[in-house]
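J.: Here you go, this is upload_13.cif (mmCIF, N, CA and C atoms).
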data_upload
#
loop_
_atom_site.label_atom_id
_atom_site.label_comp_id
_atom_site.auth_asym_id
_atom_site.auth_seq_id
_atom_site.Cartn_x
_atom_site.Cartn_y
_atom_site.Cartn_z
N MET A 549 0.81 -1.20 0.00
CA MET A 549 0.00 0.00 0.00
C MET A 549 0.85 1.25 0.00
N LEU A 550 2.01 1.22 0.56
CA LEU A 550 2.81 2.44 0.73
C LEU A 550 3.88 2.58 -0.35
N GLU A 551 3.55 2.20 -1.59
CA GLU A 551 4.52 2.27 -2.66
C GLU A 551 4.70 3.67 -3.22
N THR A 552 3.66 4.50 -3.18
CA THR A 552 3.72 5.83 -3.76
C THR A 552 3.65 6.89 -2.66
N ILE A 553 4.04 8.09 -3.01
CA ILE A 553 3.98 9.19 -2.05
C ILE A 553 2.52 9.51 -1.70
N TYR A 554 1.61 9.32 -2.66
CA TYR A 554 0.19 9.58 -2.40
C TYR A 554 -0.37 8.62 -1.36
N SER A 555 0.00 7.36 -1.46
CA SER A 555 -0.48 6.40 -0.47
C SER A 555 0.15 6.64 0.90
N GLN A 556 1.38 7.12 0.92
CA GLN A 556 2.02 7.46 2.19
C GLN A 556 1.35 8.67 2.84
N ILE A 557 0.98 9.65 2.02
CA ILE A 557 0.26 10.82 2.54
C ILE A 557 -1.10 10.40 3.09
N PHE A 558 -1.81 9.53 2.34
CA PHE A 558 -3.10 9.04 2.82
C PHE A 558 -2.94 8.31 4.14
N ALA A 559 -1.94 7.46 4.25
CA ALA A 559 -1.73 6.71 5.49
C ALA A 559 -1.44 7.65 6.65
N ALA A 560 -0.64 8.68 6.41
CA ALA A 560 -0.33 9.65 7.47
C ALA A 560 -1.58 10.41 7.90
N VAL A 561 -2.37 10.85 6.92
CA VAL A 561 -3.61 11.56 7.24
C VAL A 561 -4.56 10.65 8.00
N ALA A 562 -4.70 9.40 7.56
CA ALA A 562 -5.59 8.46 8.22
C ALA A 562 -5.16 8.21 9.66
N VAL A 563 -3.87 8.03 9.89
CA VAL A 563 -3.38 7.80 11.25
C VAL A 563 -3.64 9.02 12.13
N LEU A 564 -3.40 10.21 11.60
CA LEU A 564 -3.64 11.42 12.38
C LEU A 564 -5.11 11.61 12.73
N VAL A 565 -5.99 11.39 11.76
CA VAL A 565 -7.43 11.56 12.01
C VAL A 565 -7.94 10.51 12.98
N VAL A 566 -7.53 9.27 12.81
CA VAL A 566 -7.97 8.20 13.72
C VAL A 566 -7.46 8.47 15.14
N ALA A 567 -6.20 8.90 15.27
CA ALA A 567 -5.67 9.23 16.59
C ALA A 567 -6.43 10.40 17.21
N PHE A 568 -6.72 11.42 16.41
CA PHE A 568 -7.48 12.57 16.90
C PHE A 568 -8.86 12.13 17.38
N ALA A 569 -9.51 11.25 16.61
CA ALA A 569 -10.84 10.77 17.00
C ALA A 569 -10.78 9.95 18.29
N PHE A 570 -9.74 9.15 18.45
CA PHE A 570 -9.61 8.36 19.67
C PHE A 570 -9.35 9.23 20.90
N PHE A 571 -8.53 10.25 20.75
CA PHE A 571 -8.14 11.07 21.90
C PHE A 571 -9.16 12.15 22.24
N LYS A 572 -9.80 12.74 21.25
CA LYS A 572 -10.67 13.89 21.49
C LYS A 572 -12.15 13.62 21.24
N GLY A 573 -12.49 12.49 20.64
CA GLY A 573 -13.87 12.23 20.27
C GLY A 573 -14.68 11.57 21.38
N ASP A 574 -15.97 11.55 21.16
CA ASP A 574 -16.89 10.83 22.04
C ASP A 574 -17.06 9.41 21.49
N GLU A 575 -18.05 8.71 22.01
CA GLU A 575 -18.24 7.30 21.63
C GLU A 575 -18.46 7.10 20.13
N PRO A 576 -19.34 7.88 19.45
CA PRO A 576 -19.51 7.65 18.00
C PRO A 576 -18.22 7.86 17.21
N GLU A 577 -17.44 8.86 17.60
CA GLU A 577 -16.18 9.11 16.90
C GLU A 577 -15.18 7.98 17.13
N ARG A 578 -15.12 7.48 18.34
CA ARG A 578 -14.20 6.38 18.64
C ARG A 578 -14.61 5.09 17.95
N ILE A 579 -15.90 4.82 17.92
CA ILE A 579 -16.37 3.61 17.22
C ILE A 579 -16.05 3.71 15.74
N THR A 580 -16.30 4.88 15.15
CA THR A 580 -16.01 5.06 13.73
C THR A 580 -14.52 4.95 13.46
N ALA A 581 -13.70 5.57 14.29
CA ALA A 581 -12.25 5.51 14.09
C ALA A 581 -11.75 4.08 14.22
N GLY A 582 -12.22 3.38 15.22
CA GLY A 582 -11.79 1.99 15.40
C GLY A 582 -12.23 1.11 14.25
N SER A 583 -13.47 1.28 13.81
CA SER A 583 -13.98 0.50 12.68
C SER A 583 -13.19 0.81 11.41
N TYR A 584 -12.94 2.08 11.18
CA TYR A 584 -12.20 2.49 9.99
C TYR A 584 -10.78 1.91 10.01
N ALA A 585 -10.12 1.99 11.15
CA ALA A 585 -8.76 1.47 11.26
C ALA A 585 -8.74 -0.05 11.05
N LEU A 586 -9.68 -0.75 11.65
CA LEU A 586 -9.72 -2.21 11.49
C LEU A 586 -10.02 -2.61 10.04
N ILE A 587 -10.91 -1.87 9.39
CA ILE A 587 -11.24 -2.19 7.99
C ILE A 587 -10.03 -1.92 7.10
N ILE A 588 -9.32 -0.83 7.34
CA ILE A 588 -8.12 -0.54 6.54
C ILE A 588 -7.07 -1.63 6.74
N LEU A 589 -6.84 -2.04 7.98
CA LEU A 589 -5.87 -3.11 8.24
C LEU A 589 -6.31 -4.42 7.60
N ALA A 590 -7.58 -4.77 7.70
CA ALA A 590 -8.07 -6.00 7.09
C ALA A 590 -7.95 -5.94 5.57
N THR A 591 -8.20 -4.76 4.99
CA THR A 591 -8.07 -4.60 3.55
C THR A 591 -6.63 -4.80 3.11
N LEU A 592 -5.68 -4.34 3.91
CA LEU A 592 -4.27 -4.53 3.57
C LEU A 592 -3.86 -6.00 3.60
N MET A 593 -4.53 -6.78 4.44
CA MET A 593 -4.20 -8.20 4.55
C MET A 593 -4.77 -9.04 3.42
N ILE A 594 -5.77 -8.51 2.73
CA ILE A 594 -6.39 -9.26 1.63
C ILE A 594 -5.55 -9.08 0.38
N ARG A 595 -5.13 -10.18 -0.18
CA ARG A 595 -4.37 -10.15 -1.43
C ARG A 595 -5.18 -10.87 -2.49
N ASP A 596 -6.11 -10.16 -3.12
CA ASP A 596 -6.96 -10.81 -4.12
C ASP A 596 -6.79 -10.19 -5.50
N GLY A 597 -5.59 -9.84 -5.84
CA GLY A 597 -5.31 -9.30 -7.16
C GLY A 597 -5.31 -7.79 -7.16
N GLY A 598 -4.66 -7.21 -8.14
CA GLY A 598 -4.54 -5.77 -8.19
C GLY A 598 -5.40 -5.11 -9.23
N SER A 599 -6.15 -5.87 -9.99
CA SER A 599 -6.95 -5.29 -11.06
C SER A 599 -8.24 -4.68 -10.51
N LEU A 600 -8.52 -3.47 -10.96
CA LEU A 600 -9.75 -2.80 -10.53
C LEU A 600 -10.93 -3.13 -11.44
N SER A 601 -10.71 -3.90 -12.50
CA SER A 601 -11.80 -4.25 -13.40
C SER A 601 -12.46 -5.58 -13.02
N VAL A 602 -11.90 -6.26 -12.02
CA VAL A 602 -12.45 -7.52 -11.53
C VAL A 602 -12.96 -7.28 -10.11
N PRO A 603 -14.12 -7.81 -9.77
CA PRO A 603 -14.62 -7.59 -8.40
C PRO A 603 -13.65 -8.12 -7.34
N ARG A 604 -13.41 -7.32 -6.36
CA ARG A 604 -12.59 -7.73 -5.21
C ARG A 604 -13.57 -8.00 -4.08
N TRP A 605 -14.03 -9.23 -3.99
CA TRP A 605 -15.12 -9.60 -3.10
C TRP A 605 -14.80 -9.36 -1.64
N GLY A 606 -13.58 -9.65 -1.23
CA GLY A 606 -13.21 -9.45 0.18
C GLY A 606 -13.23 -7.98 0.57
N VAL A 607 -12.64 -7.15 -0.28
CA VAL A 607 -12.61 -5.71 -0.02
C VAL A 607 -14.03 -5.15 -0.07
N MET A 608 -14.83 -5.64 -1.00
CA MET A 608 -16.22 -5.18 -1.10
C MET A 608 -16.98 -5.54 0.17
N ALA A 609 -16.78 -6.74 0.68
CA ALA A 609 -17.47 -7.16 1.92
C ALA A 609 -17.04 -6.28 3.09
N LEU A 610 -15.77 -5.94 3.17
CA LEU A 610 -15.29 -5.08 4.25
C LEU A 610 -15.87 -3.67 4.13
N ASP A 611 -15.94 -3.15 2.91
CA ASP A 611 -16.52 -1.82 2.72
C ASP A 611 -18.01 -1.81 3.05
N ILE A 612 -18.72 -2.88 2.71
CA ILE A 612 -20.13 -2.97 3.08
C ILE A 612 -20.27 -3.04 4.59
N LEU A 613 -19.38 -3.77 5.25
CA LEU A 613 -19.41 -3.86 6.71
C LEU A 613 -19.21 -2.49 7.35
N LEU A 614 -18.26 -1.71 6.83
CA LEU A 614 -18.05 -0.36 7.36
C LEU A 614 -19.29 0.51 7.11
N LEU A 615 -19.91 0.37 5.95
CA LEU A 615 -21.14 1.13 5.67
C LEU A 615 -22.24 0.75 6.66
N VAL A 616 -22.37 -0.52 6.98
CA VAL A 616 -23.39 -0.96 7.94
C VAL A 616 -23.11 -0.36 9.32
N VAL A 617 -21.85 -0.34 9.72
CA VAL A 617 -21.48 0.26 11.01
C VAL A 617 -21.83 1.76 11.02
N LEU A 618 -21.50 2.46 9.95
CA LEU A 618 -21.78 3.89 9.89
C LEU A 618 -23.28 4.17 9.88
N VAL A 619 -24.04 3.40 9.13
CA VAL A 619 -25.49 3.60 9.11
C VAL A 619 -26.09 3.29 10.48
N GLY A 620 -25.56 2.27 11.15
CA GLY A 620 -26.01 1.98 12.50
C GLY A 620 -25.73 3.12 13.46
N LEU A 621 -24.57 3.75 13.31
CA LEU A 621 -24.25 4.90 14.15
C LEU A 621 -25.14 6.10 13.82
N VAL A 622 -25.45 6.28 12.53
CA VAL A 622 -26.37 7.36 12.15
C VAL A 622 -27.72 7.13 12.81
N TRP A 623 -28.15 5.88 12.83
CA TRP A 623 -29.45 5.53 13.37
C TRP A 623 -29.53 5.82 14.87
N HIS A 624 -28.43 5.61 15.59
CA HIS A 624 -28.45 5.72 17.05
C HIS A 624 -27.78 6.99 17.59
N SER A 625 -27.34 7.87 16.74
CA SER A 625 -26.65 9.06 17.19
C SER A 625 -27.29 10.28 16.55
N ARG A 626 -27.04 11.44 17.13
CA ARG A 626 -27.57 12.68 16.57
C ARG A 626 -26.49 13.47 15.84
N ARG A 627 -25.39 12.84 15.52
CA ARG A 627 -24.27 13.52 14.86
C ARG A 627 -24.50 13.64 13.35
N ALA A 628 -24.44 14.85 12.86
CA ALA A 628 -24.68 15.09 11.43
C ALA A 628 -23.51 14.60 10.58
N TRP A 629 -22.30 14.62 11.12
CA TRP A 629 -21.15 14.23 10.31
C TRP A 629 -21.21 12.75 9.93
N LEU A 630 -21.90 11.95 10.72
CA LEU A 630 -22.02 10.52 10.40
C LEU A 630 -22.81 10.29 9.12
N VAL A 631 -23.75 11.18 8.82
CA VAL A 631 -24.50 11.06 7.56
C VAL A 631 -23.55 11.29 6.39
N TRP A 632 -22.69 12.29 6.52
CA TRP A 632 -21.70 12.56 5.46
C TRP A 632 -20.74 11.40 5.30
N ALA A 633 -20.25 10.88 6.42
CA ALA A 633 -19.33 9.75 6.35
C ALA A 633 -20.01 8.55 5.71
N SER A 634 -21.27 8.30 6.05
CA SER A 634 -22.02 7.20 5.43
C SER A 634 -22.19 7.42 3.93
N ALA A 635 -22.43 8.65 3.55
CA ALA A 635 -22.58 8.95 2.11
C ALA A 635 -21.28 8.69 1.35
N PHE A 636 -20.16 9.09 1.92
CA PHE A 636 -18.88 8.82 1.27
C PHE A 636 -18.60 7.32 1.19
N GLN A 637 -18.91 6.59 2.25
CA GLN A 637 -18.72 5.15 2.23
C GLN A 637 -19.69 4.51 1.24
N GLY A 638 -20.88 5.08 1.11
CA GLY A 638 -21.83 4.58 0.12
C GLY A 638 -21.30 4.72 -1.31
N LEU A 639 -20.57 5.79 -1.58
CA LEU A 639 -19.94 5.95 -2.90
C LEU A 639 -18.93 4.83 -3.17
N ILE A 640 -18.18 4.48 -2.15
CA ILE A 640 -17.19 3.40 -2.30
C ILE A 640 -17.91 2.08 -2.60
N VAL A 641 -18.96 1.79 -1.84
CA VAL A 641 -19.71 0.55 -2.05
C VAL A 641 -20.37 0.56 -3.44
N ALA A 642 -20.89 1.71 -3.86
CA ALA A 642 -21.50 1.81 -5.19
C ALA A 642 -20.48 1.50 -6.28
N GLY A 643 -19.26 1.96 -6.11
CA GLY A 643 -18.20 1.63 -7.08
C GLY A 643 -17.95 0.14 -7.14
N HIS A 644 -17.91 -0.52 -5.98
CA HIS A 644 -17.74 -1.97 -5.96
C HIS A 644 -18.90 -2.67 -6.65
N LEU A 645 -20.11 -2.17 -6.43
CA LEU A 645 -21.29 -2.79 -7.04
C LEU A 645 -21.28 -2.63 -8.57
N LEU A 646 -20.78 -1.50 -9.06
CA LEU A 646 -20.67 -1.31 -10.51
C LEU A 646 -19.71 -2.33 -11.11
N VAL A 647 -18.58 -2.55 -10.44
CA VAL A 647 -17.62 -3.53 -10.92
C VAL A 647 -18.22 -4.93 -10.84
N ALA A 648 -18.90 -5.24 -9.73
CA ALA A 648 -19.50 -6.57 -9.56
C ALA A 648 -20.62 -6.82 -10.58
N ALA A 649 -21.34 -5.77 -10.95
CA ALA A 649 -22.42 -5.91 -11.93
C ALA A 649 -21.89 -5.96 -13.36
N ASN A 650 -20.57 -5.91 -13.51
CA ASN A 650 -19.91 -5.98 -14.80
C ASN A 650 -20.30 -4.83 -15.72
N LEU A 651 -20.49 -3.64 -15.14
CA LEU A 651 -20.78 -2.46 -15.93
C LEU A 651 -19.51 -1.77 -16.43
N ARG A 652 -18.39 -2.30 -16.04
CA ARG A 652 -17.06 -1.89 -16.50
C ARG A 652 -16.80 -0.38 -16.41
N PRO A 653 -16.85 0.16 -15.19
CA PRO A 653 -16.43 1.56 -15.08
C PRO A 653 -14.93 1.64 -15.32
N PRO A 654 -14.45 2.73 -15.90
CA PRO A 654 -13.01 2.86 -16.09
C PRO A 654 -12.27 2.71 -14.75
N SER A 655 -11.20 1.94 -14.76
CA SER A 655 -10.49 1.67 -13.50
C SER A 655 -9.95 2.95 -12.88
N ASP A 656 -9.55 3.91 -13.70
CA ASP A 656 -9.07 5.18 -13.15
C ASP A 656 -10.20 5.92 -12.43
N ALA A 657 -11.40 5.87 -13.01
CA ALA A 657 -12.55 6.53 -12.38
C ALA A 657 -12.91 5.85 -11.07
N PHE A 658 -12.90 4.53 -11.05
CA PHE A 658 -13.20 3.79 -9.83
C PHE A 658 -12.18 4.10 -8.74
N ALA A 659 -10.91 4.12 -9.09
CA ALA A 659 -9.87 4.42 -8.11
C ALA A 659 -9.98 5.86 -7.61
N THR A 660 -10.31 6.79 -8.49
CA THR A 660 -10.45 8.19 -8.09
C THR A 660 -11.62 8.38 -7.14
N VAL A 661 -12.75 7.78 -7.46
CA VAL A 661 -13.92 7.89 -6.58
C VAL A 661 -13.61 7.26 -5.23
N ASN A 662 -12.95 6.10 -5.24
CA ASN A 662 -12.60 5.42 -4.01
C ASN A 662 -11.67 6.27 -3.15
N ASN A 663 -10.65 6.85 -3.75
CA ASN A 663 -9.69 7.67 -3.00
C ASN A 663 -10.33 8.94 -2.48
N LEU A 664 -11.08 9.64 -3.32
CA LEU A 664 -11.71 10.89 -2.88
C LEU A 664 -12.76 10.63 -1.80
N ALA A 665 -13.49 9.53 -1.92
CA ALA A 665 -14.48 9.21 -0.90
C ALA A 665 -13.79 8.86 0.43
N ASN A 666 -12.66 8.20 0.37
CA ASN A 666 -11.91 7.92 1.59
C ASN A 666 -11.43 9.21 2.25
N TYR A 667 -10.92 10.13 1.46
CA TYR A 667 -10.53 11.43 2.02
C TYR A 667 -11.74 12.17 2.59
N GLY A 668 -12.86 12.10 1.88
CA GLY A 668 -14.08 12.73 2.38
C GLY A 668 -14.53 12.15 3.70
N LEU A 669 -14.43 10.82 3.82
CA LEU A 669 -14.79 10.17 5.08
C LEU A 669 -13.87 10.62 6.20
N LEU A 670 -12.58 10.73 5.92
CA LEU A 670 -11.63 11.19 6.94
C LEU A 670 -11.88 12.64 7.33
N VAL A 671 -12.21 13.48 6.36
CA VAL A 671 -12.52 14.88 6.67
C VAL A 671 -13.78 14.96 7.52
N ALA A 672 -14.80 14.19 7.17
CA ALA A 672 -16.03 14.18 7.97
C ALA A 672 -15.74 13.72 9.39
N MET A 673 -14.90 12.69 9.54
CA MET A 673 -14.56 12.20 10.87
C MET A 673 -13.78 13.25 11.66
N ALA A 674 -12.86 13.93 11.02
CA ALA A 674 -12.07 14.96 11.70
C ALA A 674 -12.95 16.13 12.12
N VAL A 675 -13.82 16.58 11.24
CA VAL A 675 -14.71 17.70 11.56
C VAL A 675 -15.68 17.30 12.67
N GLY A 676 -16.24 16.10 12.57
CA GLY A 676 -17.16 15.63 13.61
C GLY A 676 -16.48 15.49 14.96
N THR A 677 -15.25 15.01 14.96
CA THR A 677 -14.50 14.91 16.21
C THR A 677 -14.22 16.29 16.79
N PHE A 678 -13.85 17.22 15.93
CA PHE A 678 -13.60 18.58 16.40
C PHE A 678 -14.85 19.18 17.02
N TRP A 679 -16.00 19.01 16.36
CA TRP A 679 -17.26 19.53 16.90
C TRP A 679 -17.59 18.90 18.24
N ALA A 680 -17.44 17.58 18.35
CA ALA A 680 -17.73 16.89 19.61
C ALA A 680 -16.81 17.38 20.72
N TRP A 681 -15.54 17.57 20.39
CA TRP A 681 -14.56 18.05 21.36
C TRP A 681 -14.92 19.46 21.83
N GLN A 682 -15.29 20.34 20.89
CA GLN A 682 -15.64 21.71 21.26
C GLN A 682 -16.93 21.77 22.06
N GLU A 683 -17.90 20.95 21.72
CA GLU A 683 -19.15 20.89 22.50
C GLU A 683 -18.88 20.43 23.92
N ARG A 684 -18.02 19.44 24.07
CA ARG A 684 -17.68 18.95 25.40
C ARG A 684 -16.91 20.01 26.20
N ARG A 685 -16.00 20.72 25.55
CA ARG A 685 -15.27 21.80 26.24
C ARG A 685 -16.20 22.92 26.66
N ALA A 686 -17.13 23.29 25.79
CA ALA A 686 -18.07 24.37 26.11
C ALA A 686 -18.98 23.95 27.27
N ALA A 687 -19.37 22.68 27.30
CA ALA A 687 -20.22 22.20 28.39
C ALA A 687 -19.48 22.22 29.73
N THR A 688 -18.19 21.87 29.70
CA THR A 688 -17.43 21.87 30.96
C THR A 688 -17.10 23.29 31.40
N MET A 689 -16.89 24.21 30.48
CA MET A 689 -16.60 25.60 30.85
C MET A 689 -17.86 26.28 31.38
N GLY A 690 -19.00 25.94 30.80
CA GLY A 690 -20.25 26.53 31.25
C GLY A 690 -20.69 26.01 32.60
N ALA A 691 -20.29 24.78 32.94
CA ALA A 691 -20.68 24.17 34.21
C ALA A 691 -19.80 24.68 35.35
N GLY A 692 -18.62 25.18 35.02
CA GLY A 692 -17.66 25.59 36.06
C GLY A 692 -17.79 26.98 36.45
#
Reformat the file's structure so that it appears as structure tokens.
T.:
Amino acid sequence: MLETIYSQIFAAVAVLVVAFAFFKGDEPERITAGSYALIILATLMIRDGGSLSVPRWGVMALDILLLVVLVGLVWHSRRAWLVWASAFQGLIVAGHLLVAANLRPPSDAFATVNNLANYGLLVAMAVGTFWAWQERRAATMGAG
């Protein structure tokens, strides 16, 4: 995964956002960060070919699992950022479904949507964690 500078930048951003969510977030942010980190690690362990024109069933199953976790958090939480994160994850799953349905999206387009949606999910998680942290700080300052 870390062959290019772009993948190294993504890994650094992902580690920073996940760490930020673990240290400063509330329960929904921590669950999302933990789920995201575990899915990324599991995806790295799957070696099912490098072609984007063939369905990668294992990676697709993991992405669907992350989408289910995010939708479950949307259902049980009042955090608006989770809807955005779910939407970005939904784009990733939709890309997998296009490949699985043999609609042959261009592999560059599939990779671009996948990468941008991952960055979008990380941005949503970072913004949501920041909001949760600031709300918690404001509540403690107002109580004191």
J.: Taking the file as shown, find all residues satisfying the PyMOL selection byres (((chain A and resi 572 and name CA) around 12) and name CA) and write them as number ranges by chain.
T.: A: 564-571, 573-578, 581, 673-685
J.: Out of A:Ala659, A:Ala559, A:Ala665, A:Val641, which residue has the shortest atom-to-atom distance to Ile612 of chain A when counting all atoms listed in the file?
T.: A:Val641
J.: Apply DSSP to the structure's backbone, then extract all residues of segment 565-654 of chain A labelled helix (DSSP H, G or I) and return them as a ChimeraX atom specification.
T.: /A:565-572,575-593,605-624,629-648
J.: To one decimal place in Å, what is the distance between atom C of Ile594 of chain A and atom C of Leu630 of chain A?
T.: 27.4 Å
J.: Could you check the closest approach to Ala585 of chain A for each of A:Ala691, A:Leu614, A:Val607, A:Ala648 and tell me which residue wins, using only C-alpha atoms?
T.: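 Closest candidate: A:Leu614.
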J.: In Å, rounded to a single decimal, give me how far atom N of Gly638 of chain A is from atom C of Val619 of chain A.
T.: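 That distance, rounded to one decimal, is 10.9 Å.
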J.: Between atom CA of Ala635 of chain A and atom CA of Thr552 of chain A, measure the distance and give it in Å to one decimal.
T.: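 Separation of atom CA of Ala635 of chain A and atom CA of Thr552 of chain A: 27.1 Å.
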J.: Could you check which of A:Pro653, A:Arg595, A:Leu669, A:Pro603 is closest to Leu615 of chain A, using only C-alpha atoms?
T.: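 Checking each candidate against Leu615 of chain A, we get A:Leu669 as the closest.
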J.: List the neighbours of Asn666 of chain A out to 8 Å using all atoms listed in the file; skip same-chain residues closer than 6 positions along the sequence, and give me the result as a count of residues only.
T.: 6
J.: For Leu592 of chain A, which residue among A:Ala633, A:Leu610, A:Val661, A:Ala560 is the nearest when counting only C-alpha atoms?
T.: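 Smallest distance to Leu592 of chain A is found for A:Leu610.
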